[in-house]
$ cat run_31.pdb   # PDB, C-alpha atoms
ATOM      1  CA  MET Z 230    -129.154 238.714  51.289
ATOM      2  CA  SER Z 231    -125.424 239.250  51.676
ATOM      3  CA  LEU Z 232    -123.850 242.550  52.658
ATOM      4  CA  ARG Z 233    -122.182 242.673  49.256
ATOM      5  CA  THR Z 234    -125.541 242.334  47.476
ATOM      6  CA  ARG Z 235    -127.068 245.064  49.641
ATOM      7  CA  LEU Z 236    -124.124 247.365  48.962
ATOM      8  CA  SER Z 237    -124.329 246.749  45.229
ATOM      9  CA  ILE Z 238    -128.071 247.524  45.255
ATOM     10  CA  ALA Z 239    -127.387 250.705  47.237
ATOM     11  CA  THR Z 240    -124.706 251.678  44.701
ATOM     12  CA  VAL Z 241    -127.091 251.129  41.783
ATOM     13  CA  ALA Z 242    -129.783 253.115  43.610
ATOM     14  CA  GLY Z 243    -127.327 256.003  44.050
ATOM     15  CA  LEU Z 244    -126.371 255.906  40.391
ATOM     16  CA  LEU Z 245    -130.039 255.840  39.417
ATOM     17  CA  ALA Z 246    -130.766 258.861  41.585
ATOM     18  CA  ALA Z 247    -127.967 260.702  39.790
ATOM     19  CA  ALA Z 248    -129.274 259.548  36.393
ATOM     20  CA  VAL Z 249    -132.833 260.628  37.237
ATOM     21  CA  SER Z 250    -131.670 264.111  38.231
ATOM     22  CA  VAL Z 251    -129.921 264.537  34.863
ATOM     23  CA  THR Z 252    -132.580 262.907  32.666
ATOM     24  CA  PRO Z 253    -135.070 265.834  32.295
ATOM     25  CA  ALA Z 254    -132.435 268.183  30.858
ATOM     26  CA  ALA Z 255    -130.999 265.465  28.634
ATOM     27  CA  ALA Z 256    -134.464 264.472  27.410
ATOM     28  CA  ALA Z 257    -135.357 268.080  26.611
ATOM     29  CA  HIS Z 258    -132.127 268.410  24.640
ATOM     30  CA  ASP Z 259    -132.861 265.212  22.676
ATOM     31  CA  ASP Z 260    -136.171 266.639  21.439
ATOM     32  CA  TRP Z 261    -134.413 269.431  19.589
ATOM     33  CA  ASP Z 262    -132.424 268.538  16.488
ATOM     34  CA  PRO Z 263    -130.122 271.441  15.577
ATOM     35  CA  ALA Z 264    -129.090 269.754  12.309
ATOM     36  CA  GLY Z 265    -132.556 268.605  11.221
ATOM     37  CA  GLY Z 266    -134.850 270.487   8.877
ATOM     38  CA  ASN Z 267    -135.125 274.211   8.397
ATOM     39  CA  GLY Z 268    -136.966 274.887  11.639
ATOM     40  CA  ASN Z 269    -140.331 275.615   9.982
ATOM     41  CA  GLY Z 270    -143.147 274.082  11.987
ATOM     42  CA  HIS Z 271    -140.750 272.457  14.466
ATOM     43  CA  HIS Z 272    -142.085 272.604  18.012
ATOM     44  CA  HIS Z 273    -139.720 272.709  20.943
ATOM     45  CA  GLY Z 274    -142.250 271.109  23.300
ATOM     46  CA  HIS Z 275    -143.068 267.443  23.803
ATOM     47  CA  ASP Z 276    -146.148 267.335  21.567
ATOM     48  CA  GLY Z 277    -145.957 265.046  18.556
ATOM     49  CA  HIS Z 278    -142.978 263.083  19.943
ATOM     50  CA  ASP Z 279    -144.856 259.919  20.932
ATOM     51  CA  GLY Z 280    -142.618 257.818  18.675
ATOM     52  CA  HIS Z 281    -139.384 259.533  19.710
ATOM     53  CA  HIS Z 282    -136.633 256.933  20.107
ATOM     54  CA  ASP Z 283    -134.137 257.404  22.903
ATOM     55  CA  PRO Z 284    -130.905 255.678  21.807
ATOM     56  CA  ARG Z 285    -129.862 255.156  25.441
ATOM     57  CA  LEU Z 286    -132.803 252.847  26.155
ATOM     58  CA  TYR Z 287    -133.403 249.269  25.047
ATOM     59  CA  LYS Z 288    -136.819 247.737  24.425
ATOM     60  CA  GLY Z 289    -138.515 244.562  25.539
ATOM     61  CA  VAL Z 290    -141.916 242.871  25.418
ATOM     62  CA  VAL Z 291    -143.572 241.381  28.517
ATOM     63  CA  THR Z 292    -144.339 237.656  28.119
ATOM     64  CA  ALA Z 293    -146.093 237.033  31.475
ATOM     65  CA  ASP Z 294    -149.835 237.586  31.861
ATOM     66  CA  ARG Z 295    -149.095 239.956  34.766
ATOM     67  CA  LEU Z 296    -145.524 240.832  35.751
ATOM     68  CA  ALA Z 297    -144.768 242.473  39.097
ATOM     69  CA  LEU Z 298    -142.201 245.246  38.701
ATOM     70  CA  ARG Z 299    -140.220 245.726  41.880
ATOM     71  CA  SER Z 300    -138.027 248.095  43.881
ATOM     72  CA  ALA Z 301    -135.027 245.693  43.751
ATOM     73  CA  PRO Z 302    -133.969 242.719  41.570
ATOM     74  CA  ASN Z 303    -135.603 240.067  43.769
ATOM     75  CA  ARG Z 304    -139.091 238.694  44.391
ATOM     76  CA  GLY Z 305    -139.121 239.797  48.036
ATOM     77  CA  SER Z 306    -138.879 243.512  47.253
ATOM     78  CA  GLN Z 307    -141.758 245.982  47.130
ATOM     79  CA  ILE Z 308    -144.037 245.856  44.071
ATOM     80  CA  ILE Z 309    -144.029 249.260  42.376
ATOM     81  CA  ARG Z 310    -146.491 248.462  39.574
ATOM     82  CA  PHE Z 311    -147.505 245.714  37.137
ATOM     83  CA  ALA Z 312    -146.868 245.155  33.436
ATOM     84  CA  HIS Z 313    -148.994 242.860  31.268
ATOM     85  CA  ARG Z 314    -148.448 240.440  28.393
ATOM     86  CA  GLY Z 315    -147.600 242.317  25.187
ATOM     87  CA  ASP Z 316    -146.592 245.577  26.902
ATOM     88  CA  VAL Z 317    -143.526 247.159  25.294
ATOM     89  CA  VAL Z 318    -141.170 248.348  28.023
ATOM     90  CA  LYS Z 319    -138.077 250.570  28.013
ATOM     91  CA  ILE Z 320    -135.013 248.894  29.514
ATOM     92  CA  PHE Z 321    -132.255 251.056  30.998
ATOM     93  CA  CYS Z 322    -129.826 248.241  31.919
ATOM     94  CA  LYS Z 323    -129.581 244.686  33.265
ATOM     95  CA  THR Z 324    -128.099 243.167  36.418
ATOM     96  CA  GLY Z 325    -127.881 239.871  38.220
ATOM     97  CA  GLY Z 326    -130.411 239.204  40.959
ATOM     98  CA  GLU Z 327    -132.626 236.463  42.285
ATOM     99  CA  THR Z 328    -132.875 233.592  39.790
ATOM    100  CA  VAL Z 329    -136.382 233.256  38.337
ATOM    101  CA  GLN Z 330    -137.024 229.938  36.570
ATOM    102  CA  GLY Z 331    -133.348 229.517  35.712
ATOM    103  CA  ASN Z 332    -132.724 233.143  34.638
ATOM    104  CA  PRO Z 333    -130.704 235.326  37.087
ATOM    105  CA  LEU Z 334    -131.025 238.568  35.073
ATOM    106  CA  TRP Z 335    -133.279 241.487  35.918
ATOM    107  CA  TYR Z 336    -133.997 244.541  33.761
ATOM    108  CA  LEU Z 337    -134.313 248.061  35.133
ATOM    109  CA  LEU Z 338    -137.329 249.597  33.385
ATOM    110  CA  THR Z 339    -137.931 253.332  32.957
ATOM    111  CA  ASP Z 340    -141.580 253.527  31.879
ATOM    112  CA  GLY Z 341    -142.872 256.313  34.092
ATOM    113  CA  THR Z 342    -141.240 254.911  37.231
ATOM    114  CA  TRP Z 343    -137.960 253.086  37.764
ATOM    115  CA  ALA Z 344    -138.687 249.438  38.548
ATOM    116  CA  TRP Z 345    -137.014 246.031  38.171
ATOM    117  CA  GLY Z 346    -138.572 243.258  36.093
ATOM    118  CA  ALA Z 347    -137.383 239.643  35.895
ATOM    119  CA  ALA Z 348    -135.741 239.154  32.488
ATOM    120  CA  ARG Z 349    -137.290 235.659  32.424
ATOM    121  CA  TYR Z 350    -140.588 237.365  31.521
ATOM    122  CA  ILE Z 351    -139.296 240.124  29.222
ATOM    123  CA  ASP Z 352    -138.099 239.359  25.683
ATOM    124  CA  ASN Z 353    -135.660 242.054  24.636
ATOM    125  CA  LYS Z 354    -136.087 243.461  21.131
ATOM    126  CA  GLY Z 355    -132.990 244.585  19.267
ATOM    127  CA  PRO Z 356    -129.612 244.652  21.025
ATOM    128  CA  ALA Z 357    -129.235 243.097  24.478
ATOM    129  CA  PRO Z 358    -129.351 245.692  27.256
ATOM    130  CA  ARG Z 359    -126.067 246.915  28.718
ATOM    131  CA  TRP Z 360    -124.981 245.980  32.248
ATOM    132  CA  CYS Z 361    -125.846 248.417  35.035
TER
END
$ encode --input "run_31.pdb" --output "structure tokens"
Amino acid sequence: MSLRTRLSIATVAGLLAAAVSVTPAAAAHDDWDPAGGNGNGHHHGHDGHDGHHDPRLYKGVVTADRLALRSAPNRGSQIIRFAHRGDVVKIFCKTGGETVQGNPLWYLLTDGTWAWGAARYIDNKGPAPRWC
């Protein structure tokens, strides 16, 4: 791996750390809609928000039987967890990385933990994810 690639991964990791530290407050704010409804029966907690759509995230569906999600956008990095065929995943952004069966893109997923998945095995639904 080149120094430039390592530096770019370190930069992304730093940006992600900053994004993670801001996310809880932003997510809490998103659950409250000051313009919506009259406030009757509206809960300020997280209950009943299973279908809440975060406009900053993109969605994809896993096409591999078992997809290793990793700590960096390459197959040599640590496996953080696995996703399975049919799983709907939340995509934060995309970046170039190790080419997997002709596809050099990797998606940064935010489902519970931050992890990279090879775009070759994730079909994005809706708009294409933004670049990291």
$ atom_distance --input "run_31.pdb" --atom1 "CA of Gln330 (chain Z)" --atom2 "CA of Pro302 (chain Z)"
14.1 Å
$ closest_residue --input "run_31.pdb" --among "Z:Ala297, Z:Arg304, Z:Lys354, Z:Thr292" --to "Ile320 (chain Z)" --atoms "all atoms listed in the file"
Z:Lys354
$ closest_residue --input "run_31.pdb" --among "Z:Trp335, Z:Arg314, Z:Val291, Z:Gln307" --to "Tyr350 (chain Z)" --atoms "only C-alpha atoms"
Z:Val291
$ atom_distance --input "run_31.pdb" --atom1 "CA of Ala347 (chain Z)" --atom2 "CA of Asp316 (chain Z)"
14.2 Å
$ atom_distance --input "run_31.pdb" --atom1 "CA of Ile351 (chain Z)" --atom2 "CA of Thr328 (chain Z)"
14.0 Å
$ resolve_selection --input "run_31.pdb" --expression "the PyMOL selection byres ((chain Z and resi 306) around 12)" --output "VMD selection string"
chain Z and resid 230 238 297 to 305 307 to 310 326 to 327 344 to 346
$ closest_residue --input "run_31.pdb" --among "Z:Gly325, Z:Thr342, Z:Leu337, Z:His313" --to "Leu286 (chain Z)" --atoms "all atoms listed in the file"
Z:Leu337
$ resolve_selection --input "run_31.pdb" --expression "the PyMOL selection byres ((chain Z and resi 288) around 10)" --output "JSON, numbers by chain"
{"Z": [286, 287, 289, 290, 317, 318, 319, 320, 321, 338, 351, 352, 353, 354, 355, 356, 357, 358]}
$ closest_residue --input "run_31.pdb" --among "Z:Arg295, Z:Lys323, Z:Arg349, Z:Arg285" --to "Cys361 (chain Z)" --atoms "all atoms listed in the file"
Z:Lys323
$ closest_residue --input "run_31.pdb" --among "Z:Ala293, Z:Tyr336, Z:Gly341, Z:Ala348" --to "Cys322 (chain Z)" --atoms "all atoms listed in the file"
Z:Tyr336
$ build_atoms --input "run_31.pdb" --residues "region 333-351 of chain Z" --atoms "N, CA, C and O atoms" --output "mmCIF file, keeping the file's coordinate frame"
data_model
loop_
_atom_site.group_PDB
_atom_site.id
_atom_site.type_symbol
_atom_site.label_atom_id
_atom_site.label_comp_id
_atom_site.auth_asym_id
_atom_site.auth_seq_id
_atom_site.Cartn_x
_atom_site.Cartn_y
_atom_site.Cartn_z
ATOM 1 N N PRO Z 333 -131.088 234.433 35.993
ATOM 2 C CA PRO Z 333 -130.704 235.326 37.087
ATOM 3 C C PRO Z 333 -130.718 236.816 36.732
ATOM 4 O O PRO Z 333 -130.388 237.650 37.564
ATOM 5 N N LEU Z 334 -131.075 237.158 35.506
ATOM 6 C CA LEU Z 334 -131.025 238.568 35.073
ATOM 7 C C LEU Z 334 -132.316 239.307 35.388
ATOM 8 O O LEU Z 334 -133.408 238.751 35.294
ATOM 9 N N TRP Z 335 -132.153 240.576 35.711
ATOM 10 C CA TRP Z 335 -133.279 241.487 35.918
ATOM 11 C C TRP Z 335 -133.020 242.730 35.093
ATOM 12 O O TRP Z 335 -131.876 243.163 34.944
ATOM 13 N N TYR Z 336 -134.089 243.317 34.552
ATOM 14 C CA TYR Z 336 -133.997 244.541 33.761
ATOM 15 C C TYR Z 336 -134.534 245.709 34.581
ATOM 16 O O TYR Z 336 -135.573 245.602 35.221
ATOM 17 N N LEU Z 337 -133.834 246.829 34.510
ATOM 18 C CA LEU Z 337 -134.313 248.061 35.133
ATOM 19 C C LEU Z 337 -135.119 248.808 34.079
ATOM 20 O O LEU Z 337 -134.595 249.192 33.032
ATOM 21 N N LEU Z 338 -136.409 248.981 34.349
ATOM 22 C CA LEU Z 338 -137.329 249.597 33.385
ATOM 23 C C LEU Z 338 -137.563 251.059 33.756
ATOM 24 O O LEU Z 338 -137.559 251.420 34.931
ATOM 25 N N THR Z 339 -137.798 251.882 32.732
ATOM 26 C CA THR Z 339 -137.931 253.332 32.957
ATOM 27 C C THR Z 339 -139.270 253.894 32.505
ATOM 28 O O THR Z 339 -139.381 255.079 32.270
ATOM 29 N N ASP Z 340 -140.280 253.060 32.383
ATOM 30 C CA ASP Z 340 -141.580 253.527 31.879
ATOM 31 C C ASP Z 340 -142.363 254.262 32.962
ATOM 32 O O ASP Z 340 -143.157 253.662 33.679
ATOM 33 N N GLY Z 341 -142.129 255.526 33.114
ATOM 34 C CA GLY Z 341 -142.872 256.313 34.092
ATOM 35 C C GLY Z 341 -142.252 256.257 35.484
ATOM 36 O O GLY Z 341 -142.099 257.268 36.132
ATOM 37 N N THR Z 342 -141.918 255.081 35.947
ATOM 38 C CA THR Z 342 -141.240 254.911 37.231
ATOM 39 C C THR Z 342 -140.100 253.931 37.029
ATOM 40 O O THR Z 342 -140.156 253.069 36.150
ATOM 41 N N TRP Z 343 -139.063 254.042 37.832
ATOM 42 C CA TRP Z 343 -137.960 253.086 37.764
ATOM 43 C C TRP Z 343 -138.392 251.840 38.520
ATOM 44 O O TRP Z 343 -138.824 251.933 39.668
ATOM 45 N N ALA Z 344 -138.295 250.684 37.888
ATOM 46 C CA ALA Z 344 -138.687 249.438 38.548
ATOM 47 C C ALA Z 344 -137.945 248.274 37.894
ATOM 48 O O ALA Z 344 -137.583 248.339 36.716
ATOM 49 N N TRP Z 345 -137.715 247.219 38.664
ATOM 50 C CA TRP Z 345 -137.014 246.031 38.171
ATOM 51 C C TRP Z 345 -138.016 244.973 37.734
ATOM 52 O O TRP Z 345 -138.985 244.698 38.441
ATOM 53 N N GLY Z 346 -137.756 244.359 36.582
ATOM 54 C CA GLY Z 346 -138.572 243.258 36.093
ATOM 55 C C GLY Z 346 -137.686 242.057 35.799
ATOM 56 O O GLY Z 346 -136.576 242.212 35.275
ATOM 57 N N ALA Z 347 -138.153 240.861 36.152
ATOM 58 C CA ALA Z 347 -137.383 239.643 35.895
ATOM 59 C C ALA Z 347 -137.241 239.443 34.388
ATOM 60 O O ALA Z 347 -138.238 239.411 33.652
ATOM 61 N N ALA Z 348 -135.998 239.320 33.924
ATOM 62 C CA ALA Z 348 -135.741 239.154 32.488
ATOM 63 C C ALA Z 348 -136.370 237.871 31.955
ATOM 64 O O ALA Z 348 -136.622 237.753 30.758
ATOM 65 N N ARG Z 349 -136.653 236.909 32.831
ATOM 66 C CA ARG Z 349 -137.290 235.659 32.424
ATOM 67 C C ARG Z 349 -138.619 235.943 31.721
ATOM 68 O O ARG Z 349 -139.048 235.186 30.863
ATOM 69 N N TYR Z 350 -139.266 237.040 32.074
ATOM 70 C CA TYR Z 350 -140.588 237.365 31.521
ATOM 71 C C TYR Z 350 -140.578 238.595 30.623
ATOM 72 O O TYR Z 350 -141.624 239.189 30.374
ATOM 73 N N ILE Z 351 -139.395 238.992 30.145
ATOM 74 C CA ILE Z 351 -139.296 240.124 29.222
ATOM 75 C C ILE Z 351 -138.380 239.710 28.071
ATOM 76 O O ILE Z 351 -137.209 239.408 28.287
#
